[in-house]
Amino acid sequence: MKTKIVYVVASLDDDVYMEQAIVSAWSARHHNPNGHIEMVCDQDTFATLSSGTRAQYKDLFDKIHVREFRAGQSMMERSRWMKTSLRQTIDGDYLYLDTDTVVCADLSYVDDFNFDLGMAMDCNCEFRQSLVSDWVIPAMKKMYGMDVTNETQYFNSGVAFVRDCD
């Protein structure tokens, strides 16, 4: 598999995000033994991976990118920033996976994708048939002033293929 598998993790000892990433990375490595797995994390998350019970799993990742954040930025803010700037962090094609993803098969077929950006439809269906449309429509109206009633596509941000291109 030439396409990198990439995780973004913002986690402290009192949550499960790193443990989820460890399980996901283990499953990815199990089904893709020649795959290249990278993680992007903040300095505090990296510190928790460098000592204690998490340290034994550090070798699941071929490369760890550590991003520095100022004190006071929440883990949610850090996670969002790292995810939305991932293209500036990772070189080459990558398959981004959320930490709660379990890989159940060989993923080498993604090397043959003939598109530059790919995401799965949320709930694997058109937006109006989605289980979330009834609360997303009013939430989008309230938060952003947008009427998305007639939209047909709503993507799950937990899995994304990104080709390294202009």
# chains A, B, ... in the order shown; residues from 1 in each chain; ligands from 1

call {"tool": "residues_around", "arguments": {"residues": "segment 79-90 of chain A", "least_positions_apart": "5", "cutoff": "8 Å", "atoms": "only C-alpha atoms", "output": "list in words"}}
result
Val8, Val9, Ala10, Val40, Cys41, His65 and Arg67 of chain A

call {"tool": "closest_atom_pairs", "arguments": {"of": "segment 59-149 of chain A", "to": "segment 16-30 of chain A", "cutoff": "10 Å", "atoms": "only C-alpha atoms", "output": "tab-separated table"}}
result
residue	atom	partner	partner_atom	distance
A:Leu60	CA	A:Ala25	CA	6.5
A:Phe61	CA	A:Ala25	CA	7.5
A:Leu97	CA	A:Ser24	CA	8.4
A:Asp98	CA	A:Ala21	CA	7.8
A:Thr99	CA	A:Ala21	CA	4.3
A:Asp100	CA	A:Gln20	CA	5.4
A:Thr101	CA	A:Ser24	CA	5.7
A:Val102	CA	A:Ser24	CA	4.9
A:Val103	CA	A:Ala28	CA	5.2
A:Cys104	CA	A:Ser27	CA	6.9
A:Ala105	CA	A:Ala28	CA	8.0
A:Asp106	CA	A:Ala28	CA	8.0
A:Leu107	CA	A:Ala28	CA	8.2

call {"tool": "select_by_dssp", "arguments": {"residues": "segment 1-165 of chain A", "states": "helix (DSSP H, G or I)", "output": "MDAnalysis selection string"}}
result
chainID A and resid 17:31 43:49 52:60 75:84 86:89 108:112 122:124 127:129 133:144
